[in-house]
$ cat my_file_38.csv   # CSV, C-alpha atoms
chain,number,residue,atom,x,y,z
C,1,MET,CA,101.4,102.9,40.6
C,2,PRO,CA,100.5,101.9,44.2
C,3,SER,CA,101.6,104.3,46.9
C,4,LYS,CA,104.2,103.1,49.4
C,5,LYS,CA,102.8,102.3,52.8
C,6,ASN,CA,104.3,104.6,55.4
C,7,LYS,CA,105.8,102.9,58.5
C,8,GLY,CA,104.1,103.9,61.7
C,9,ILE,CA,105.9,105.5,64.6
C,10,ARG,CA,106.5,103.0,67.3
C,11,ILE,CA,104.9,104.1,70.6
C,12,LEU,CA,105.9,102.8,74.0
C,13,HIS,CA,102.7,102.3,76.0
C,14,ASP,CA,102.6,102.7,79.8
C,15,ILE,CA,102.9,99.2,81.3
C,16,GLU,CA,100.2,100.0,83.9
C,17,VAL,CA,97.8,101.0,81.2
C,18,LEU,CA,98.5,97.7,79.3
C,19,ASN,CA,98.0,95.7,82.5
C,20,ALA,CA,94.7,97.5,83.2
C,21,ALA,CA,93.5,96.7,79.6
C,22,ILE,CA,94.4,93.0,79.9
C,23,VAL,CA,92.6,92.8,83.3
C,24,ASP,CA,89.5,94.3,81.8
C,25,ILE,CA,89.5,91.8,78.9
C,26,LYS,CA,90.3,88.7,81.0
C,27,PHE,CA,88.4,89.4,84.2
C,28,ASN,CA,85.8,92.2,83.5
C,29,ASN,CA,84.3,90.7,80.3
C,30,MET,CA,85.4,93.8,78.2
C,31,SER,CA,85.7,93.1,74.5
C,32,LEU,CA,89.1,93.6,72.8
C,33,ARG,CA,87.8,96.4,70.7
C,34,LYS,CA,86.2,98.2,73.6
C,35,ALA,CA,89.3,97.9,75.8
C,36,SER,CA,91.4,99.2,72.9
C,37,LYS,CA,89.2,102.2,72.6
C,38,PHE,CA,88.8,102.8,76.3
C,39,HIS,CA,92.6,102.5,77.1
C,40,ASN,CA,93.7,104.2,73.9
C,41,ILE,CA,95.8,101.3,72.8
C,42,PRO,CA,95.8,100.1,69.1
C,43,LEU,CA,93.7,97.0,68.6
C,44,THR,CA,96.5,95.0,67.0
C,45,THR,CA,99.0,96.0,69.7
C,46,LEU,CA,96.6,94.9,72.5
C,47,HIS,CA,95.8,91.6,70.6
C,48,ASP,CA,99.5,90.8,70.2
C,49,LYS,CA,100.2,91.5,73.8
C,50,ILE,CA,97.4,89.1,75.0
C,51,LYS,CA,98.4,86.4,72.6
C,52,GLY,CA,102.0,86.7,73.5
C,53,LYS,CA,103.2,87.8,70.1
C,54,GLN,CA,104.7,90.9,71.7
C,55,PRO,CA,106.3,90.9,75.1
C,56,LEU,CA,104.4,92.9,77.7
C,57,VAL,CA,107.5,94.8,78.6
C,58,PRO,CA,109.5,95.6,75.4
C,59,LYS,CA,113.1,94.8,75.2
C,60,ARG,CA,115.2,97.6,76.7
C,61,SER,CA,116.0,100.3,74.1
C,62,LEU,CA,119.4,101.7,73.5
C,63,LEU,CA,118.6,104.9,75.3
C,64,THR,CA,116.0,105.5,78.0
C,65,ILE,CA,113.1,107.8,77.2
C,66,GLY,CA,114.7,110.5,79.2
C,67,GLU,CA,118.0,110.2,77.5
C,68,GLU,CA,116.4,110.3,74.1
C,69,LYS,CA,114.5,113.5,75.0
C,70,ARG,CA,117.7,115.0,76.3
C,71,LEU,CA,119.5,114.1,73.0
C,72,ALA,CA,116.6,115.6,70.9
C,73,ARG,CA,116.6,118.8,72.9
C,74,TRP,CA,120.4,119.1,72.5
C,75,LEU,CA,120.2,118.6,68.7
C,76,ILE,CA,117.6,121.3,68.4
C,77,GLU,CA,119.6,123.7,70.6
C,78,MET,CA,122.8,123.0,68.7
C,79,ALA,CA,121.0,123.7,65.4
C,80,GLN,CA,119.7,127.0,66.7
C,81,ARG,CA,123.2,128.0,67.7
C,82,GLY,CA,124.7,127.1,64.3
C,83,PHE,CA,126.1,123.7,65.3
C,84,GLY,CA,124.3,121.3,62.9
C,85,LYS,CA,125.1,117.7,63.6
C,86,THR,CA,125.6,114.9,61.1
C,87,ARG,CA,123.9,111.5,61.4
C,88,ASP,CA,127.3,109.9,62.4
C,89,GLU,CA,127.7,112.6,65.1
C,90,VAL,CA,124.3,111.8,66.5
C,91,ARG,CA,125.3,108.1,66.8
C,92,GLU,CA,128.6,109.0,68.4
C,93,THR,CA,126.7,111.2,70.9
C,94,ALA,CA,124.3,108.4,71.7
C,95,ARG,CA,127.3,106.1,72.4
C,96,ALA,CA,128.8,108.8,74.7
C,97,ILE,CA,125.5,109.0,76.6
C,98,ILE,CA,125.7,105.2,77.2
C,99,ALA,CA,129.3,105.5,78.2
C,100,VAL,CA,128.5,108.2,80.8
C,101,ARG,CA,125.6,106.1,82.2
C,102,ASN,CA,128.0,103.1,82.4
C,103,LYS,CA,130.8,105.3,83.8
C,104,THR,CA,132.9,104.3,80.8
C,105,ILE,CA,134.6,107.6,79.9
C,106,GLU,CA,138.1,106.6,78.8
C,107,SER,CA,138.6,106.8,75.0
C,108,GLN,CA,139.9,103.3,74.8
C,109,ASP,CA,136.9,101.9,76.8
C,110,LEU,CA,134.5,104.0,74.7
C,111,ASP,CA,135.6,102.1,71.6
C,112,LYS,CA,134.4,98.9,73.2
C,113,ILE,CA,130.8,100.2,73.1
C,114,PRO,CA,129.2,99.4,69.7
C,115,LEU,CA,128.2,102.4,67.7
C,116,PRO,CA,124.4,102.6,67.5
C,117,SER,CA,123.1,101.3,64.2
C,118,THR,CA,121.5,103.3,61.4
C,119,GLN,CA,118.4,101.4,62.2
C,120,TRP,CA,118.4,102.8,65.7
C,121,LEU,CA,119.0,106.3,64.3
C,122,ASN,CA,116.1,106.0,61.9
C,123,GLY,CA,113.9,104.9,64.8
C,124,PHE,CA,115.1,107.8,66.9
C,125,PHE,CA,114.1,110.2,64.2
C,126,SER,CA,110.7,108.5,63.9
C,127,ARG,CA,110.1,108.8,67.6
C,128,HIS,CA,111.1,112.5,67.5
C,129,PRO,CA,109.5,114.1,64.4
C,130,GLU,CA,110.4,117.5,65.7
C,131,ILE,CA,114.0,116.8,64.4
C,132,SER,CA,114.7,116.6,60.7
C,133,SER,CA,117.8,115.2,59.0
C,134,ARG,CA,118.9,117.2,56.1
C,135,THR,CA,121.8,116.7,53.7
C,136,PRO,CA,123.9,119.8,53.3
C,137,MET,CA,124.7,121.0,49.8
C,138,PRO,CA,128.2,120.1,48.7
C,139,LEU,CA,130.4,123.2,48.2
C,140,SER,CA,133.2,123.4,45.7
C,141,LYS,CA,136.2,125.4,46.6
C,142,GLU,CA,134.9,128.4,44.7
C,143,ARG,CA,131.4,128.2,46.2
C,144,ALA,CA,132.8,127.8,49.7
C,145,VAL,CA,134.0,131.4,49.5
C,146,VAL,CA,131.7,133.2,51.8
C,147,THR,CA,129.5,135.9,50.3
C,148,PRO,CA,128.7,139.2,51.9
C,149,LYS,CA,125.0,138.1,51.8
C,150,ALA,CA,125.8,135.0,53.9
C,151,ILE,CA,127.8,137.1,56.4
C,152,GLU,CA,125.0,139.6,56.7
C,153,LYS,CA,122.4,136.9,57.3
C,154,TRP,CA,124.6,135.3,59.9
C,155,PHE,CA,124.9,138.6,61.8
C,156,MET,CA,121.2,139.2,61.6
C,157,ASP,CA,120.4,135.7,63.0
C,158,PHE,CA,123.1,136.1,65.6
C,159,ARG,CA,121.8,139.5,66.8
C,160,GLN,CA,118.2,138.2,66.9
C,161,THR,CA,119.2,135.2,68.9
C,162,ILE,CA,121.3,137.0,71.5
C,163,GLU,CA,118.8,139.9,71.9
C,164,SER,CA,116.0,137.4,72.5
C,165,ILE,CA,118.1,136.1,75.5
C,166,ASP,CA,119.6,139.3,76.8
C,167,PRO,CA,120.2,142.4,74.7
C,168,THR,CA,122.5,144.0,77.3
C,169,ILE,CA,125.3,141.6,76.3
C,170,PHE,CA,126.1,143.7,73.3
C,171,THR,CA,126.8,146.7,75.5
C,172,SER,CA,129.0,144.7,77.9
C,173,PRO,CA,132.3,143.8,76.1
C,174,SER,CA,133.6,142.0,79.3
C,175,ARG,CA,130.8,139.5,78.8
C,176,ILE,CA,131.7,138.6,75.2
C,177,PHE,CA,134.4,136.0,74.6
C,178,ASN,CA,136.0,134.3,71.7
C,179,ALA,CA,138.0,131.0,72.1
C,180,ASP,CA,140.0,129.5,69.2
C,181,GLU,CA,142.9,127.2,68.8
C,182,THR,CA,145.8,126.9,66.4
C,183,GLY,CA,148.7,124.5,65.9
C,184,PHE,CA,152.3,125.4,66.4
C,185,GLY,CA,154.9,123.4,64.4
C,186,PHE,CA,158.6,123.6,65.4
C,187,ASP,CA,160.1,124.5,62.0
C,188,VAL,CA,160.1,128.1,60.9
C,189,LYS,CA,159.6,128.9,57.2
C,190,SER,CA,162.8,128.6,55.2
C,191,ARG,CA,164.3,132.0,54.4
C,192,GLN,CA,167.2,132.9,52.1
C,193,VAL,CA,170.6,132.8,53.9
C,194,ILE,CA,174.0,134.2,52.9
C,195,ALA,CA,176.5,131.7,51.6
C,196,CYS,CA,179.7,131.6,49.7
C,197,LYS,CA,179.2,132.1,46.0
C,198,GLY,CA,179.3,128.8,44.2
C,199,SER,CA,178.2,126.8,47.3
C,200,LYS,CA,176.2,123.8,46.2
C,201,ASN,CA,174.6,123.0,49.6
C,202,VAL,CA,173.4,125.4,52.3
C,203,TYR,CA,172.1,124.0,55.5
C,204,ASN,CA,169.7,125.3,58.1
C,205,ILE,CA,169.0,124.0,61.7
C,206,THR,CA,165.4,122.6,62.0
C,207,ALA,CA,163.5,120.7,64.6
C,208,ASN,CA,163.9,116.9,64.8
C,209,THR,CA,160.2,116.3,65.3
C,210,LYS,CA,157.1,116.7,63.1
C,211,LYS,CA,154.8,116.9,66.1
C,212,GLN,CA,152.9,120.0,67.0
C,213,VAL,CA,151.4,121.6,70.1
C,214,THR,CA,147.9,123.1,69.9
C,215,VAL,CA,147.3,126.4,71.7
C,216,LEU,CA,143.9,127.5,72.8
C,217,ALA,CA,143.5,131.2,73.3
C,218,CYS,CA,140.5,133.0,74.9
C,219,CYS,CA,139.9,136.7,75.0
C,220,SER,CA,137.1,139.0,75.9
C,221,ALA,CA,135.9,142.0,73.8
C,222,ALA,CA,137.2,144.2,76.6
C,223,GLY,CA,140.8,142.9,75.9
C,224,GLU,CA,141.2,140.5,78.8
C,225,TYR,CA,143.1,137.3,78.0
C,226,MET,CA,142.9,134.0,79.8
C,227,PRO,CA,146.1,132.0,80.2
C,228,PRO,CA,146.8,129.9,77.1
C,229,LEU,CA,146.1,126.2,77.1
C,230,LEU,CA,148.9,124.1,75.6
C,231,ILE,CA,147.8,120.7,74.3
C,232,TYR,CA,150.8,118.4,74.0
C,233,PRO,CA,150.9,115.1,72.0
C,234,TYR,CA,151.4,112.7,74.9
C,235,LYS,CA,149.4,109.7,76.0
C,236,ARG,CA,150.9,109.7,79.5
C,237,VAL,CA,152.1,112.6,81.7
C,238,PRO,CA,155.8,113.1,81.1
C,239,LYS,CA,158.3,113.3,83.9
C,240,HIS,CA,159.6,116.6,82.7
C,241,ASN,CA,157.8,119.8,83.7
C,242,LEU,CA,156.7,121.1,80.3
C,243,LEU,CA,155.6,124.4,81.7
C,244,ASP,CA,158.8,125.1,83.7
C,245,ALA,CA,159.6,128.1,81.5
C,246,PHE,CA,155.9,129.3,81.2
C,247,PRO,CA,154.2,128.5,84.5
C,248,GLU,CA,151.3,130.9,83.8
C,249,ALA,CA,150.1,128.7,81.0
C,250,LEU,CA,147.9,125.7,81.3
C,251,ILE,CA,148.4,122.2,80.0
C,252,GLN,CA,146.4,119.3,78.7
C,253,LEU,CA,147.4,116.1,76.8
C,254,SER,CA,145.9,114.3,73.8
C,255,ASP,CA,147.2,111.5,71.6
C,256,LYS,CA,148.2,113.8,68.7
C,257,GLY,CA,148.3,117.2,70.5
C,258,TRP,CA,145.0,118.2,69.0
C,259,MET,CA,141.9,119.7,70.6
C,260,THR,CA,139.4,117.0,71.6
C,261,ALA,CA,135.9,117.2,73.0
C,262,ALA,CA,137.1,116.0,76.4
C,263,VAL,CA,139.9,118.6,76.5
C,264,PHE,CA,137.5,121.4,75.6
C,265,PHE,CA,135.0,120.3,78.2
C,266,THR,CA,137.7,120.2,80.9
C,267,TRP,CA,138.9,123.7,79.9
C,268,LEU,CA,135.4,125.0,80.2
C,269,ARG,CA,134.8,123.4,83.6
C,270,ASP,CA,138.2,124.1,85.2
C,271,VAL,CA,139.3,127.4,83.5
C,272,PHE,CA,136.6,129.4,81.7
C,273,ILE,CA,133.8,129.0,84.2
C,274,PRO,CA,135.9,129.8,87.3
C,275,SER,CA,137.4,132.7,85.5
C,276,THR,CA,134.1,134.2,84.6
C,277,ASN,CA,132.1,133.5,87.8
C,278,HIS,CA,132.3,137.1,88.9
C,279,LEU,CA,130.7,138.4,85.7
C,280,THR,CA,127.0,139.3,85.2
C,281,LYS,CA,125.2,136.5,83.4
C,282,PRO,CA,124.6,135.4,80.8
C,283,ILE,CA,127.9,135.6,79.0
C,284,LEU,CA,128.6,134.8,75.3
C,285,LEU,CA,131.3,132.5,74.1
C,286,LEU,CA,131.9,132.4,70.4
C,287,VAL,CA,133.7,129.4,68.9
C,288,ASP,CA,134.0,127.8,65.4
C,289,GLY,CA,132.1,124.7,64.4
C,290,HIS,CA,134.8,122.2,65.2
C,291,ALA,CA,133.3,119.0,66.5
C,292,SER,CA,135.3,119.2,69.7
C,293,HIS,CA,133.4,122.2,70.8
C,294,THR,CA,130.0,120.5,71.0
C,295,SER,CA,130.2,116.8,70.5
C,296,LEU,CA,129.8,116.1,74.2
C,297,LEU,CA,126.3,116.6,75.6
C,298,GLU,CA,128.0,117.5,78.9
C,299,THR,CA,129.4,120.6,77.2
C,300,SER,CA,126.0,121.9,76.4
C,301,THR,CA,124.7,121.0,79.9
C,302,ILE,CA,127.6,122.8,81.7
C,303,CYS,CA,127.1,125.9,79.6
C,304,HIS,CA,123.3,125.9,80.3
C,305,ASP,CA,123.9,125.4,84.0
C,306,ASN,CA,126.4,128.3,84.2
C,307,ASN,CA,124.4,130.6,81.9
C,308,ILE,CA,126.9,130.6,79.1
C,309,ILE,CA,125.7,131.1,75.5
C,310,LEU,CA,127.9,128.9,73.3
C,311,TYR,CA,127.4,130.2,69.8
C,312,CYS,CA,128.9,129.0,66.5
C,313,LEU,CA,130.6,131.4,64.1
C,314,LEU,CA,129.8,131.3,60.4
C,315,PRO,CA,131.4,128.2,58.8
C,316,HIS,CA,134.2,128.8,56.3
C,317,ALA,CA,134.5,132.4,57.5
C,318,SER,CA,136.9,132.3,60.4
C,319,HIS,CA,139.4,134.3,58.4
C,320,ILE,CA,136.7,137.0,58.2
C,321,ILE,CA,134.7,137.1,61.4
C,322,GLN,CA,136.7,134.9,63.9
C,323,PRO,CA,138.0,137.7,66.2
C,324,LEU,CA,141.2,135.8,67.3
C,325,ASP,CA,142.0,134.8,63.7
C,326,GLN,CA,141.9,138.4,62.4
C,327,ALA,CA,144.8,139.9,64.4
C,328,PHE,CA,145.9,137.9,67.4
C,329,PHE,CA,147.0,134.6,66.0
C,330,SER,CA,148.8,136.3,63.0
C,331,SER,CA,150.7,138.4,65.5
C,332,VAL,CA,151.5,135.4,67.7
C,333,LYS,CA,152.7,133.3,64.7
C,334,SER,CA,154.9,136.2,63.5
C,335,ALA,CA,156.5,136.6,66.9
C,336,TRP,CA,156.8,132.8,67.2
C,337,GLN,CA,158.9,132.6,64.1
C,338,LYS,CA,161.2,135.2,65.4
C,339,ALA,CA,161.4,133.5,68.8
C,340,VAL,CA,162.2,130.1,67.1
C,341,SER,CA,165.0,131.7,65.1
C,342,LYS,CA,166.4,133.3,68.3
C,343,HIS,CA,166.2,130.0,70.1
C,344,ILE,CA,168.2,128.3,67.4
C,345,SER,CA,170.8,131.0,67.2
C,346,VAL,CA,171.3,130.9,71.0
C,347,THR,CA,171.1,127.1,71.7
C,348,GLY,CA,172.2,125.7,68.3
C,349,ALA,CA,169.2,123.3,68.5
C,350,GLY,CA,165.7,123.3,67.1
C,351,VAL,CA,162.6,123.6,69.2
C,352,ASN,CA,161.2,120.4,70.8
C,353,LEU,CA,158.3,119.5,73.1
C,354,GLU,CA,160.4,120.3,76.2
C,355,SER,CA,161.5,123.8,75.1
C,356,PHE,CA,158.2,124.7,73.4
C,357,SER,CA,156.6,126.7,76.2
C,358,GLY,CA,159.7,128.8,76.9
C,359,VAL,CA,159.9,129.8,73.2
C,360,LEU,CA,156.2,130.5,73.0
C,361,LYS,CA,156.1,132.7,76.2
C,362,PRO,CA,157.7,135.9,74.7
C,363,ALA,CA,155.7,135.5,71.5
C,364,TRP,CA,152.4,135.1,73.5
C,365,TYR,CA,153.0,138.2,75.7
C,366,LYS,CA,154.0,140.3,72.6
C,367,ALA,CA,150.7,139.6,71.0
C,368,ALA,CA,148.3,139.4,74.0
C,369,THR,CA,147.7,143.1,74.4
C,370,PRO,CA,144.5,145.1,74.7
C,371,GLU,CA,145.4,146.9,71.5
C,372,ILE,CA,145.5,143.7,69.4
C,373,ALA,CA,142.3,142.5,71.1
C,374,SER,CA,140.5,145.7,70.2
C,375,SER,CA,141.7,145.4,66.6
C,376,THR,CA,140.0,142.0,66.3
C,377,GLY,CA,136.5,143.3,67.0

$ encode --input "my_file_38.csv" --output "structure tokens"
Amino acid sequence: MPSKKNKGIRILHDIEVLNAAIVDIKFNNMSLRKASKFHNIPLTTLHDKIKGKQPLVPKRSLLTIGEEKRLARWLIEMAQRGFGKTRDEVRETARAIIAVRNKTIESQDLDKIPLPSTQWLNGFFSRHPEISSRTPMPLSKERAVVTPKAIEKWFMDFRQTIESIDPTIFTSPSRIFNADETGFGFDVKSRQVIACKGSKNVYNITANTKKQVTVLACCSAAGEYMPPLLIYPYKRVPKHNLLDAFPEALIQLSDKGWMTAAVFFTWLRDVFIPSTNHLTKPILLLVDGHASHTSLLETSTICHDNNIILYCLLPHASHIIQPLDQAFFSSVKSAWQKAVSKHISVTGAGVNLESFSGVLKPAWYKAATPEIASSTG
């Protein structure tokens, strides 16, 4: 059976070298073969350029050479930190690079930029053989259960990576941070209530909205908390001051009240970096593998520029090794349910977007203690 012919990697030749080769052939009586060898240009390429079969200056590629190199370095760095990217995420990131270049940063404008084709993606991998595209093995629900061996390997890789950068981080708890987010719905879990014997219907006051607010928490291993970031489901800034009852908190908006790449980048730039400027660098920020934490190249760039090591926790294991998941959020959620019940008993109304921050505030401060922070380590 005949072997399949491998497609060659497309090489972009320097325009000045091409011009010099053409001058040697046309005006200096150099043969095509000799010019090809002298200027290190493939014979067929040089022939096609002279005959006009190929344009001297190739059609502008989707990304510049510098942008492609930047994307390749970012993919390698993300993989080393545990943030493996899918093929679709690479295409989305390429589109984001074009948007930044064109100063098209609004989400609705970004959708107007065509998503790079799979043909472009295959060409990108061909031009950057240092990157490999691998298909992850599918995990059933049972196999997704994290094994002790997987956890041990993650910790070994994690320690090796951090120690290769700065081993003193592990002896400086104030330089180790974990950021995580969770959603808060407005209905508490139904509980049994006292009613007259024989009553057919028993009612309970609940919220009149199915929306939720996402809360991002960040804490150091030394037990220092940053103000919570509340992400509300609004497209435009509401007239009402949503933080009137919790002015220490911070606010961002997204269409569905979820964490997005833009919101996370803004939080890094405007909150995390200014709050940690006084610390010895580098500092470590542990997050889970949610796409919002790394899908923007700017996130990686701003972390690099400010000496922040952004490192991914073991996938499917946040309930085991995610520091904030272990004690803090469970304490906040427990206090939240009690705060919601108290709000309903006092006001006779369920929690809504306007009252959310005031109900969250006592629950937050009840859980945001050094004792709970230390129990998450």

$ atom_distance --input "my_file_38.csv" --atom1 "CA of Glu224 (chain C)" --atom2 "CA of Leu360 (chain C)"
18.9 Å

$ closest_residue --input "my_file_38.csv" --among "C:Ile76, C:Ala368, C:Ile25, C:Gly358" --to "Ala245 (chain C)" --atoms "only C-alpha atoms"
C:Gly358

$ closest_residue --input "my_file_38.csv" --among "C:Leu216, C:Leu279, C:Ala249, C:Ile302" --to "Val263 (chain C)" --atoms "all atoms listed in the file"
C:Leu216

$ residues_around --input "my_file_38.csv" --residues "region 306-315 of chain C" --least-positions-apart "3" --cutoff "10 Å" --atoms "only C-alpha atoms" --output "JSON, numbers by chain"
{"C": [78, 79, 80, 81, 82, 83, 84, 144, 146, 150, 151, 153, 154, 155, 158, 161, 162, 165, 175, 176, 177, 178, 269, 273, 276, 277, 280, 281, 282, 283, 284, 285, 286, 287, 288, 289, 290, 293, 294, 299, 300, 301, 302, 303, 318, 320, 321, 322, 323]}

$ residues_near_point --input "my_file_38.csv" --point "(96.3, 101.0, 83.0)" --cutoff "12 Å" --atoms "all atoms listed in the file" --output "PyMOL selection string"
chain C and resi 13-24+35-36+38-41

$ write_last_selection --input "my_file_38.csv" --atoms "C-alpha atoms" --output "mmCIF file, in the frame of the given file"
data_model
loop_
_atom_site.group_PDB
_atom_site.id
_atom_site.type_symbol
_atom_site.label_atom_id
_atom_site.label_comp_id
_atom_site.auth_asym_id
_atom_site.auth_seq_id
_atom_site.Cartn_x
_atom_site.Cartn_y
_atom_site.Cartn_z
ATOM 1 C CA HIS C 13 102.700 102.300 76.000
ATOM 2 C CA ASP C 14 102.600 102.700 79.800
ATOM 3 C CA ILE C 15 102.900 99.200 81.300
ATOM 4 C CA GLU C 16 100.200 100.000 83.900
ATOM 5 C CA VAL C 17 97.800 101.000 81.200
ATOM 6 C CA LEU C 18 98.500 97.700 79.300
ATOM 7 C CA ASN C 19 98.000 95.700 82.500
ATOM 8 C CA ALA C 20 94.700 97.500 83.200
ATOM 9 C CA ALA C 21 93.500 96.700 79.600
ATOM 10 C CA ILE C 22 94.400 93.000 79.900
ATOM 11 C CA VAL C 23 92.600 92.800 83.300
ATOM 12 C CA ASP C 24 89.500 94.300 81.800
ATOM 13 C CA ALA C 35 89.300 97.900 75.800
ATOM 14 C CA SER C 36 91.400 99.200 72.900
ATOM 15 C CA PHE C 38 88.800 102.800 76.300
ATOM 16 C CA HIS C 39 92.600 102.500 77.100
ATOM 17 C CA ASN C 40 93.700 104.200 73.900
ATOM 18 C CA ILE C 41 95.800 101.300 72.800
#

$ closest_residue --input "my_file_38.csv" --among "C:Pro238, C:Pro370, C:Gly123, C:Pro233" --to "Leu253 (chain C)" --atoms "all atoms listed in the file"
C:Pro233

$ atom_distance --input "my_file_38.csv" --atom1 "CA of Leu297 (chain C)" --atom2 "CA of Ala96 (chain C)"
8.2 Å

$ residues_around --input "my_file_38.csv" --residues "Ala261 (chain C)" --least-positions-apart "5" --cutoff "7 Å" --atoms "only C-alpha atoms" --output "list in words"
Ser292, His293, Ser295 and Leu296 of chain C

$ write_last_selection --input "my_file_38.csv" --atoms "C-alpha atoms" --output "PDB file, in the coordinates of the input"
ATOM      1  CA  SER C 292     135.300 119.200  69.700  1.00  0.00           C
ATOM      2  CA  HIS C 293     133.400 122.200  70.800  1.00  0.00           C
ATOM      3  CA  SER C 295     130.200 116.800  70.500  1.00  0.00           C
ATOM      4  CA  LEU C 296     129.800 116.100  74.200  1.00  0.00           C
TER       5      LEU C 296
END

$ closest_residue --input "my_file_38.csv" --among "C:Ala222, C:Pro129, C:Arg70, C:Thr147" --to "Thr171 (chain C)" --atoms "all atoms listed in the file"
C:Ala222

$ residues_around --input "my_file_38.csv" --residues "region 337-346 of chain C" --least-positions-apart "4" --cutoff "7 Å" --atoms "only C-alpha atoms" --output "list in words"
Val188, Lys333, Gly350, Val351, Val359 and Ala363 of chain C

$ atom_distance --input "my_file_38.csv" --atom1 "CA of Lys85 (chain C)" --atom2 "CA of Val215 (chain C)"
25.2 Å

$ closest_residue --input "my_file_38.csv" --among "C:Ile98, C:Met30, C:Asp244, C:Cys218" --to "Lys112 (chain C)" --atoms "all atoms listed in the file"
C:Ile98

$ residues_around --input "my_file_38.csv" --residues "Arg95 (chain C)" --least-positions-apart "2" --cutoff "9 Å" --atoms "only C-alpha atoms" --output "ChimeraX atom specification"
/C:90-93,97-100,110,113-116

$ build_atoms --input "my_file_38.csv" --residues "region 23-28 of chain C" --atoms "all heavy atoms" --output "PDB file, keeping the file's coordinate frame"
ATOM      1  N   VAL C  23      93.491  93.181  82.194  1.00  0.00           N
ATOM      2  CA  VAL C  23      92.600  92.800  83.300  1.00  0.00           C
ATOM      3  C   VAL C  23      91.145  92.975  82.897  1.00  0.00           C
ATOM      4  O   VAL C  23      90.285  92.119  83.169  1.00  0.00           O
ATOM      5  CB  VAL C  23      92.927  93.621  84.566  1.00  0.00           C
ATOM      6  CG1 VAL C  23      91.823  93.462  85.617  1.00  0.00           C
ATOM      7  CG2 VAL C  23      94.258  93.183  85.149  1.00  0.00           C
ATOM      8  N   ASP C  24      90.840  94.093  82.231  1.00  0.00           N
ATOM      9  CA  ASP C  24      89.500  94.300  81.800  1.00  0.00           C
ATOM     10  C   ASP C  24      88.984  93.271  80.813  1.00  0.00           C
ATOM     11  O   ASP C  24      87.813  92.859  80.842  1.00  0.00           O
ATOM     12  CB  ASP C  24      89.357  95.720  81.145  1.00  0.00           C
ATOM     13  CG  ASP C  24      89.298  96.842  82.169  1.00  0.00           C
ATOM     14  OD1 ASP C  24      88.957  96.546  83.332  1.00  0.00           O
ATOM     15  OD2 ASP C  24      89.589  98.000  81.818  1.00  0.00           O
ATOM     16  N   ILE C  25      89.884  92.816  79.935  1.00  0.00           N
ATOM     17  CA  ILE C  25      89.500  91.800  78.900  1.00  0.00           C
ATOM     18  C   ILE C  25      89.333  90.434  79.590  1.00  0.00           C
ATOM     19  O   ILE C  25      88.346  89.725  79.352  1.00  0.00           O
ATOM     20  CB  ILE C  25      90.558  91.748  77.817  1.00  0.00           C
ATOM     21  CG1 ILE C  25      90.550  93.062  77.011  1.00  0.00           C
ATOM     22  CG2 ILE C  25      90.303  90.558  76.891  1.00  0.00           C
ATOM     23  CD1 ILE C  25      91.704  93.194  76.044  1.00  0.00           C
ATOM     24  N   LYS C  26      90.288  90.068  80.432  1.00  0.00           N
ATOM     25  CA  LYS C  26      90.300  88.700  81.000  1.00  0.00           C
ATOM     26  C   LYS C  26      89.321  88.532  82.154  1.00  0.00           C
ATOM     27  O   LYS C  26      88.746  87.453  82.337  1.00  0.00           O
ATOM     28  CB  LYS C  26      91.700  88.339  81.440  1.00  0.00           C
ATOM     29  CG  LYS C  26      92.659  88.093  80.283  1.00  0.00           C
ATOM     30  CD  LYS C  26      94.018  87.603  80.796  1.00  0.00           C
ATOM     31  CE  LYS C  26      94.924  87.209  79.642  1.00  0.00           C
ATOM     32  NZ  LYS C  26      96.233  86.687  80.108  1.00  0.00           N
ATOM     33  N   PHE C  27      89.139  89.563  82.950  1.00  0.00           N
ATOM     34  CA  PHE C  27      88.400  89.400  84.200  1.00  0.00           C
ATOM     35  C   PHE C  27      87.105  90.244  84.270  1.00  0.00           C
ATOM     36  O   PHE C  27      86.234  90.001  85.108  1.00  0.00           O
ATOM     37  CB  PHE C  27      89.247  89.676  85.406  1.00  0.00           C
ATOM     38  CG  PHE C  27      90.480  88.799  85.456  1.00  0.00           C
ATOM     39  CD1 PHE C  27      91.721  89.323  85.130  1.00  0.00           C
ATOM     40  CD2 PHE C  27      90.388  87.466  85.826  1.00  0.00           C
ATOM     41  CE1 PHE C  27      92.856  88.529  85.177  1.00  0.00           C
ATOM     42  CE2 PHE C  27      91.520  86.661  85.870  1.00  0.00           C
ATOM     43  CZ  PHE C  27      92.765  87.183  85.537  1.00  0.00           C
ATOM     44  N   ASN C  28      87.009  91.273  83.437  1.00  0.00           N
ATOM     45  CA  ASN C  28      85.800  92.200  83.500  1.00  0.00           C
ATOM     46  C   ASN C  28      84.950  92.066  82.279  1.00  0.00           C
ATOM     47  O   ASN C  28      84.120  92.950  82.035  1.00  0.00           O
ATOM     48  CB  ASN C  28      86.305  93.615  83.717  1.00  0.00           C
ATOM     49  CG  ASN C  28      87.027  93.808  85.039  1.00  0.00           C
ATOM     50  OD1 ASN C  28      86.757  93.090  86.011  1.00  0.00           O
ATOM     51  ND2 ASN C  28      87.940  94.769  85.090  1.00  0.00           N
TER      52      ASN C  28
END
